[in-house]
Amino acid sequence: MKKIIVSLLYILGVGPTPQLYAQNSRPNVIVIYADDLGYGDLSCYGATKINTPHLDKLAKNGIRFTNGHSTSATCTPSRFAMMTGQYPWRQKGTGILPGDAALIVPTNTTTLPKVFKKAGYRTAVIGKWHLGLGKQVEKNWNSEVTPGPNDVGFDYSFIFPATADRVPTVFMENHRVLALDRSDPIRVDYKNPVGSDPTGKDHPELLKLKSSPGHGHNQTIVNGIGRIGYMEGGNKARWVDEEVSSTFLAKARNFIEENKMQPFFLCYTLTEPHVPRMPATMFKGKSELGLRGDAILQLDWTVGQIMKQLEYLKLDKNTMIIFSSDNGPVLDDGYQDEAVAKNAGHKPAGILRGGKYSAFEGGTRVPWIVSWPGTITPKVSGAMICQIDLLASFSKLLNVKLPDGEAPDSENVLQAILGKSAKGRSVLIEQGGPLSIIKENWKYIEPGKGSGYDKLTGTETGVLQSGQLYDLLADPGEINNVFEQHPNKAEELADLLTKIRSR
Ligand code: NG6
Ligand code: CA
């Protein structure tokens, strides 16, 4: 009743605005989650070859974290951790998922969106999903594909299933493929070719963006780009890469508009600057860094559009924006898009070593910005926080009790997120091939298998056959392995890692 009266008064222009209506203890929350954006990719994090004014503004008026993390150096595990509050390596099958994988988030445990739901929020995920769909790999894409995002806490979902370089290249709204023509059903296969669409392997002359040799990305061609996986049918439903970002933006804006009179939680999971980098035409050639830079400009502009909308709706003071990335940066991740050739001295991981796939900090320490104008005092914070902590922290803010044993690795770091404490976690485990553990200024990387350098992507993997120890305060770039000099510290951290792992 109260809501109806407030809405009426608002429409008549005489009542409280939405921002006054909503209480400060229950802000709207928008998590804007970039894909493969590195610690050094934004001008507010030191980039000089690219200018990101909107994110810089967000950071300037909010908290810019210098020690903010994802749990993992790739997408699926980081997202799994953010959703469940559980370290992904505790559950099998949480590595990078194919586009036809089954849902890996349990439907019977507390998730981040469920925390908001319990507190009475409307929840949505809009953007890249990559946590699997349905009960099994074999599925019918032509009817409702369930379970999915709507079964793990989201009232509304508008997603693409996996990554932009994986089939099926379709949008799904509330578990159904958008614009599906029943007479042209979709089939997807990751093992064997289906249908008669040309592949990148057999028809490289049809590609507008060439695949890098050795990576794959040479199966079904969609929109002139070779993808991972085979797909047939659904021709009208297939998106073109250039419209993906603006489509997600339109859906995000709709969701915000529709829910302006009630608390909402939006998980806005962007695809930039993940491959294939094929931004809208108006961004092509806009940066000096080739298509990867152009995609970052598109991402920045998109964030600016959301900020503008919140201001226009007078929701800005009652909306918390959390901006971060699922893992660190990579230049060549499968397409010859000139990311390497045009990099021009840009350091995507900034002062950090390594990037996507790496056990070094570049893999998992990422941009992390929190904005809540009027409530949060702008600052730069060195508190160690991780996306896995959102679940416990928002449970605290919203007074939602977590059942025993759920979200076991999520810590309440609310005071750090709000900028009221300079201390976040004291211990964090990172996953980038081998596991690493950070305790205060020390980081221990466990011994790993394989090479220290991945030729395909040009990544320093951070893998060594013996343990490594770094003093992150003195040496954030992890140049000096001091394992030999501090054997006791190394042993202490190795033991702690074993203990937490077996918990
Ligand atoms: C890798 C792909 C890469 C990218 C990544 C997922 C190859 C050789 N490389 O396996 O192109 O799709 O998976 O990225 O297939 S993530 O950000 O979603 O984790
Ligand atoms: Ca990613």
# chains A, B, ... in the order shown; residues from 1 in each chain; ligands from 1

call {"tool": "residues_around", "arguments": {"residues": "Met278 (chain A)", "least_positions_apart": "4", "cutoff": "10 Å", "atoms": "only C-alpha atoms", "output": "VMD selection string"}}
result
chain A and resid 164 209 225 240 to 245 272 to 274 283 to 284 291 to 292 294 to 295 337

call {"tool": "residues_near_ligand", "arguments": {"ligand": "ligand 1", "cutoff": "7 Å", "atoms": "only C-alpha atoms and all ligand atoms", "output": "count of residues only"}}
result
17

call {"tool": "residues_around", "arguments": {"residues": "Gly328 (chain A)", "least_positions_apart": "3", "cutoff": "8 Å", "atoms": "only C-alpha atoms", "output": "list in words"}}
result
Asp36, Leu37, Gly38, Tyr39, Ala73, Thr74, Ser325, Ala349, Gly355, Lys356, Tyr357, Gly362, Gly363, Thr364, Arg365 and Val366 of chain A

call {"tool": "write_last_selection", "arguments": {"atoms": "N, CA and C atoms", "output": "PDB file, in the first residue's frame"}}
result
ATOM      1  N   ASP A  36      37.774 -10.277 -18.486  1.00  0.00           N
ATOM      2  CA  ASP A  36      39.197 -10.221 -18.892  1.00  0.00           C
ATOM      3  C   ASP A  36      39.770  -8.804 -18.859  1.00  0.00           C
ATOM      4  N   LEU A  37      39.238  -7.950 -18.033  1.00  0.00           N
ATOM      5  CA  LEU A  37      39.784  -6.593 -17.913  1.00  0.00           C
ATOM      6  C   LEU A  37      40.904  -6.611 -16.871  1.00  0.00           C
ATOM      7  N   GLY A  38      42.066  -6.080 -17.241  1.00  0.00           N
ATOM      8  CA  GLY A  38      43.226  -6.174 -16.363  1.00  0.00           C
ATOM      9  C   GLY A  38      43.347  -5.014 -15.389  1.00  0.00           C
ATOM     10  N   TYR A  39      44.188  -5.242 -14.402  1.00  0.00           N
ATOM     11  CA  TYR A  39      44.438  -4.258 -13.342  1.00  0.00           C
ATOM     12  C   TYR A  39      44.929  -2.931 -13.908  1.00  0.00           C
ATOM     13  N   ALA A  73      41.815 -17.109 -12.126  1.00  0.00           N
ATOM     14  CA  ALA A  73      42.371 -16.403 -13.280  1.00  0.00           C
ATOM     15  C   ALA A  73      41.605 -16.710 -14.565  1.00  0.00           C
ATOM     16  N   THR A  74      40.461 -17.370 -14.439  1.00  0.00           N
ATOM     17  CA  THR A  74      39.549 -17.555 -15.580  1.00  0.00           C
ATOM     18  C   THR A  74      38.116 -17.321 -15.110  1.00  0.00           C
ATOM     19  N   SER A 325      36.224  -7.239 -12.423  1.00  0.00           N
ATOM     20  CA  SER A 325      36.483  -8.092 -13.593  1.00  0.00           C
ATOM     21  C   SER A 325      36.669  -9.530 -13.136  1.00  0.00           C
ATOM     22  N   ALA A 349      48.108  -5.394 -17.330  1.00  0.00           N
ATOM     23  CA  ALA A 349      48.076  -5.794 -15.914  1.00  0.00           C
ATOM     24  C   ALA A 349      48.750  -4.747 -15.035  1.00  0.00           C
ATOM     25  N   GLY A 355      48.844 -12.491 -16.147  1.00  0.00           N
ATOM     26  CA  GLY A 355      47.546 -12.018 -16.599  1.00  0.00           C
ATOM     27  C   GLY A 355      46.573 -13.171 -16.500  1.00  0.00           C
ATOM     28  N   LYS A 356      45.552 -13.153 -17.333  1.00  0.00           N
ATOM     29  CA  LYS A 356      44.589 -14.264 -17.378  1.00  0.00           C
ATOM     30  C   LYS A 356      45.357 -15.585 -17.404  1.00  0.00           C
ATOM     31  N   TYR A 357      44.869 -16.575 -16.746  1.00  0.00           N
ATOM     32  CA  TYR A 357      45.438 -17.932 -16.646  1.00  0.00           C
ATOM     33  C   TYR A 357      46.626 -18.038 -15.675  1.00  0.00           C
ATOM     34  N   GLY A 362      48.667 -10.679 -11.647  1.00  0.00           N
ATOM     35  CA  GLY A 362      47.964 -10.196 -12.838  1.00  0.00           C
ATOM     36  C   GLY A 362      46.759 -11.051 -13.212  1.00  0.00           C
ATOM     37  N   GLY A 363      46.732 -12.302 -12.756  1.00  0.00           N
ATOM     38  CA  GLY A 363      45.629 -13.210 -13.067  1.00  0.00           C
ATOM     39  C   GLY A 363      44.368 -12.910 -12.280  1.00  0.00           C
ATOM     40  N   THR A 364      44.552 -12.470 -11.050  1.00  0.00           N
ATOM     41  CA  THR A 364      43.406 -12.404 -10.133  1.00  0.00           C
ATOM     42  C   THR A 364      43.250 -11.085  -9.376  1.00  0.00           C
ATOM     43  N   ARG A 365      44.266 -10.217  -9.438  1.00  0.00           N
ATOM     44  CA  ARG A 365      44.040  -8.903  -8.815  1.00  0.00           C
ATOM     45  C   ARG A 365      43.543  -7.994  -9.936  1.00  0.00           C
ATOM     46  N   VAL A 366      42.386  -7.446  -9.756  1.00  0.00           N
ATOM     47  CA  VAL A 366      41.672  -6.803 -10.860  1.00  0.00           C
ATOM     48  C   VAL A 366      41.112  -5.442 -10.412  1.00  0.00           C
TER      49      VAL A 366
END

call {"tool": "atom_distance", "arguments": {"atom1": "CA of Ala422 (chain A)", "atom2": "CA of Ser381 (chain A)"}}
result
6.5 Å

call {"tool": "residues_around", "arguments": {"residues": "Pro408 (chain A)", "least_positions_apart": "6", "cutoff": "9 Å", "atoms": "only C-alpha atoms", "output": "list in words"}}
result
Thr84, Gly85, Gln86 and Tyr87 of chain A

call {"tool": "residues_around", "arguments": {"residues": "Ala162 (chain A)", "least_positions_apart": "4", "cutoff": "12 Å", "atoms": "only C-alpha atoms", "output": "PyMOL selection string"}}
result
chain A and resi 35+75-76+79+96-103+127-133+166-172+227-229+269-271+274

call {"tool": "closest_residue", "arguments": {"among": "A:Gly226, A:Pro77, A:Gly450, A:Gly285", "to": "Lys92 (chain A)", "atoms": "only C-alpha atoms"}}
result
A:Pro77

call {"tool": "closest_residue", "arguments": {"among": "A:Ala237, A:Cys267, A:Val330, A:Met320", "to": "ligand 2", "atoms": "only C-alpha atoms and all ligand atoms"}}
result
A:Val330

call {"tool": "closest_residue", "arguments": {"among": "A:Asn223, A:Thr94, A:Asn218, A:Thr66", "to": "Gly46 (chain A)", "atoms": "only C-alpha atoms"}}
result
A:Thr66

call {"tool": "residues_around", "arguments": {"residues": "Ser466 (chain A)", "least_positions_apart": "5", "cutoff": "10 Å", "atoms": "only C-alpha atoms", "output": "MDAnalysis selection string"}}
result
chainID A and resid 445:449 483

call {"tool": "write_last_selection", "arguments": {"atoms": "all heavy atoms", "output": "compact mmCIF listing (two decimals), in the first residue's frame"}}
result
# COMPACT_ATOMS: atom_id res chain seq x y z
N ILE A 445 53.05 -19.36 -3.66
CA ILE A 445 52.45 -20.10 -4.79
C ILE A 445 52.92 -21.55 -4.67
O ILE A 445 54.13 -21.81 -4.57
CB ILE A 445 52.91 -19.53 -6.15
CG1 ILE A 445 52.65 -18.02 -6.23
CG2 ILE A 445 52.21 -20.26 -7.31
CD1 ILE A 445 53.12 -17.37 -7.54
N GLU A 446 51.98 -22.45 -4.66
CA GLU A 446 52.36 -23.86 -4.48
C GLU A 446 53.09 -24.37 -5.74
O GLU A 446 52.92 -23.82 -6.82
CB GLU A 446 51.14 -24.72 -4.17
CG GLU A 446 50.19 -24.87 -5.35
CD GLU A 446 49.01 -25.79 -5.07
OE1 GLU A 446 48.99 -26.45 -4.02
OE2 GLU A 446 48.13 -25.85 -5.93
N PRO A 447 53.89 -25.43 -5.60
CA PRO A 447 54.58 -25.99 -6.76
C PRO A 447 53.56 -26.42 -7.80
O PRO A 447 52.46 -26.89 -7.46
CB PRO A 447 55.31 -27.22 -6.20
CG PRO A 447 55.33 -27.04 -4.73
CD PRO A 447 54.16 -26.19 -4.37
N GLY A 448 53.90 -26.26 -9.06
CA GLY A 448 52.95 -26.62 -10.12
C GLY A 448 53.59 -27.49 -11.18
O GLY A 448 54.79 -27.78 -11.12
N LYS A 449 52.77 -27.91 -12.13
CA LYS A 449 53.28 -28.72 -13.23
C LYS A 449 53.17 -27.90 -14.51
O LYS A 449 52.26 -27.09 -14.65
CB LYS A 449 52.43 -29.98 -13.38
CG LYS A 449 52.65 -30.99 -12.29
CD LYS A 449 52.08 -32.36 -12.72
CE LYS A 449 52.08 -33.32 -11.55
NZ LYS A 449 50.81 -33.35 -10.81
N PHE A 483 61.63 -17.40 -1.55
CA PHE A 483 61.36 -18.70 -0.92
C PHE A 483 62.57 -19.19 -0.11
O PHE A 483 62.43 -19.64 1.03
CB PHE A 483 61.02 -19.70 -2.03
CG PHE A 483 60.63 -21.06 -1.54
CD1 PHE A 483 59.32 -21.35 -1.22
CD2 PHE A 483 61.59 -22.07 -1.42
CE1 PHE A 483 58.96 -22.61 -0.77
CE2 PHE A 483 61.23 -23.33 -0.97
CZ PHE A 483 59.91 -23.60 -0.65

call {"tool": "residues_around", "arguments": {"residues": "Ile186 (chain A)", "least_positions_apart": "2", "cutoff": "10 Å", "atoms": "only C-alpha atoms", "output": "PDB file with N, CA, C and O atoms, in the first residue's frame"}}
result
ATOM      1  N   ASN A 140      17.829 -29.711 -25.332  1.00  0.00           N
ATOM      2  CA  ASN A 140      17.044 -29.154 -26.414  1.00  0.00           C
ATOM      3  C   ASN A 140      17.018 -27.636 -26.272  1.00  0.00           C
ATOM      4  O   ASN A 140      16.362 -27.094 -25.386  1.00  0.00           O
ATOM      5  N   TRP A 141      17.734 -26.978 -27.145  1.00  0.00           N
ATOM      6  CA  TRP A 141      17.828 -25.521 -27.084  1.00  0.00           C
ATOM      7  C   TRP A 141      16.547 -24.846 -27.592  1.00  0.00           C
ATOM      8  O   TRP A 141      16.430 -23.615 -27.545  1.00  0.00           O
ATOM      9  N   ASN A 142      15.606 -25.653 -28.066  1.00  0.00           N
ATOM     10  CA  ASN A 142      14.419 -25.077 -28.718  1.00  0.00           C
ATOM     11  C   ASN A 142      13.208 -24.979 -27.807  1.00  0.00           C
ATOM     12  O   ASN A 142      12.121 -24.622 -28.240  1.00  0.00           O
ATOM     13  N   PRO A 168      26.190 -21.851 -28.379  1.00  0.00           N
ATOM     14  CA  PRO A 168      25.353 -21.153 -29.342  1.00  0.00           C
ATOM     15  C   PRO A 168      25.430 -19.634 -29.145  1.00  0.00           C
ATOM     16  O   PRO A 168      25.350 -19.155 -28.007  1.00  0.00           O
ATOM     17  N   VAL A 170      23.571 -17.048 -29.145  1.00  0.00           N
ATOM     18  CA  VAL A 170      22.174 -16.573 -29.062  1.00  0.00           C
ATOM     19  C   VAL A 170      21.949 -15.889 -27.720  1.00  0.00           C
ATOM     20  O   VAL A 170      22.686 -16.117 -26.763  1.00  0.00           O
ATOM     21  N   VAL A 177      15.613 -19.261 -25.882  1.00  0.00           N
ATOM     22  CA  VAL A 177      16.339 -18.558 -26.939  1.00  0.00           C
ATOM     23  C   VAL A 177      15.442 -17.480 -27.530  1.00  0.00           C
ATOM     24  O   VAL A 177      14.281 -17.732 -27.862  1.00  0.00           O
ATOM     25  N   LEU A 180      13.678 -17.216 -31.744  1.00  0.00           N
ATOM     26  CA  LEU A 180      13.865 -18.530 -32.356  1.00  0.00           C
ATOM     27  C   LEU A 180      12.750 -18.824 -33.362  1.00  0.00           C
ATOM     28  O   LEU A 180      11.578 -18.652 -33.050  1.00  0.00           O
ATOM     29  N   ASP A 181      13.149 -19.244 -34.524  1.00  0.00           N
ATOM     30  CA  ASP A 181      12.191 -19.644 -35.555  1.00  0.00           C
ATOM     31  C   ASP A 181      12.031 -21.165 -35.450  1.00  0.00           C
ATOM     32  O   ASP A 181      12.975 -21.912 -35.668  1.00  0.00           O
ATOM     33  N   ARG A 182      10.826 -21.582 -35.095  1.00  0.00           N
ATOM     34  CA  ARG A 182      10.589 -23.017 -34.838  1.00  0.00           C
ATOM     35  C   ARG A 182      10.936 -23.887 -36.049  1.00  0.00           C
ATOM     36  O   ARG A 182      11.231 -25.071 -35.906  1.00  0.00           O
ATOM     37  N   SER A 183      10.868 -23.307 -37.245  1.00  0.00           N
ATOM     38  CA  SER A 183      11.145 -24.127 -38.424  1.00  0.00           C
ATOM     39  C   SER A 183      12.661 -24.222 -38.695  1.00  0.00           C
ATOM     40  O   SER A 183      13.088 -24.857 -39.644  1.00  0.00           O
ATOM     41  N   ASP A 184      13.450 -23.602 -37.848  1.00  0.00           N
ATOM     42  CA  ASP A 184      14.905 -23.650 -38.026  1.00  0.00           C
ATOM     43  C   ASP A 184      15.562 -23.945 -36.671  1.00  0.00           C
ATOM     44  O   ASP A 184      16.256 -23.105 -36.087  1.00  0.00           O
ATOM     45  N   VAL A 188      23.449 -28.010 -31.159  1.00  0.00           N
ATOM     46  CA  VAL A 188      24.797 -27.620 -30.744  1.00  0.00           C
ATOM     47  C   VAL A 188      25.574 -28.885 -30.425  1.00  0.00           C
ATOM     48  O   VAL A 188      25.038 -29.820 -29.843  1.00  0.00           O
ATOM     49  N   GLY A 195      25.210 -30.028 -38.874  1.00  0.00           N
ATOM     50  CA  GLY A 195      24.741 -29.107 -39.905  1.00  0.00           C
ATOM     51  C   GLY A 195      25.769 -28.888 -41.002  1.00  0.00           C
ATOM     52  O   GLY A 195      26.782 -29.592 -41.084  1.00  0.00           O
ATOM     53  N   MET A 231      27.432 -25.509 -34.463  1.00  0.00           N
ATOM     54  CA  MET A 231      26.032 -25.112 -34.285  1.00  0.00           C
ATOM     55  C   MET A 231      25.336 -25.185 -35.631  1.00  0.00           C
ATOM     56  O   MET A 231      25.936 -24.857 -36.665  1.00  0.00           O
ATOM     57  N   GLU A 232      24.112 -25.621 -35.608  1.00  0.00           N
ATOM     58  CA  GLU A 232      23.304 -25.507 -36.819  1.00  0.00           C
ATOM     59  C   GLU A 232      21.949 -24.907 -36.467  1.00  0.00           C
ATOM     60  O   GLU A 232      21.486 -24.998 -35.324  1.00  0.00           O
ATOM     61  N   GLY A 233      21.320 -24.284 -37.433  1.00  0.00           N
ATOM     62  CA  GLY A 233      19.990 -23.714 -37.229  1.00  0.00           C
ATOM     63  C   GLY A 233      20.017 -22.431 -36.423  1.00  0.00           C
ATOM     64  O   GLY A 233      21.077 -21.865 -36.140  1.00  0.00           O
ATOM     65  N   GLY A 234      18.829 -21.980 -36.058  1.00  0.00           N
ATOM     66  CA  GLY A 234      18.696 -20.748 -35.274  1.00  0.00           C
ATOM     67  C   GLY A 234      19.262 -19.538 -35.994  1.00  0.00           C
ATOM     68  O   GLY A 234      19.778 -18.614 -35.358  1.00  0.00           O
ATOM     69  N   ASN A 235      19.160 -19.541 -37.310  1.00  0.00           N
ATOM     70  CA  ASN A 235      19.831 -18.469 -38.068  1.00  0.00           C
ATOM     71  C   ASN A 235      19.316 -17.071 -37.729  1.00  0.00           C
ATOM     72  O   ASN A 235      20.107 -16.134 -37.652  1.00  0.00           O
ATOM     73  N   ALA A 237      18.048 -16.264 -34.913  1.00  0.00           N
ATOM     74  CA  ALA A 237      18.285 -16.000 -33.484  1.00  0.00           C
ATOM     75  C   ALA A 237      19.748 -15.646 -33.203  1.00  0.00           C
ATOM     76  O   ALA A 237      20.069 -15.143 -32.128  1.00  0.00           O
ATOM     77  N   ARG A 238      20.626 -15.900 -34.135  1.00  0.00           N
ATOM     78  CA  ARG A 238      22.056 -15.653 -33.866  1.00  0.00           C
ATOM     79  C   ARG A 238      22.328 -14.161 -33.779  1.00  0.00           C
ATOM     80  O   ARG A 238      21.933 -13.393 -34.656  1.00  0.00           O
TER      81      ARG A 238
END

call {"tool": "closest_residue", "arguments": {"among": "A:Leu55, A:Ser426, A:Lys60, A:Asn412", "to": "Pro378 (chain A)", "atoms": "only C-alpha atoms"}}
result
A:Lys60

call {"tool": "select_by_dssp", "arguments": {"residues": "region 239-435 of chain A", "states": "alpha helix (DSSP H)", "output": "number ranges by chain"}}
result
A: 241-258, 290-312, 361-364, 390-398, 414-417

call {"tool": "closest_residue", "arguments": {"among": "A:Phe360, A:Trp301, A:Phe80, A:Tyr190", "to": "Val152 (chain A)", "atoms": "only C-alpha atoms"}}
result
A:Phe80

call {"tool": "closest_residue", "arguments": {"among": "A:Leu435, A:Arg26, A:Ser72, A:His54", "to": "ligand 2", "atoms": "only C-alpha atoms and all ligand atoms"}}
result
A:Ser72
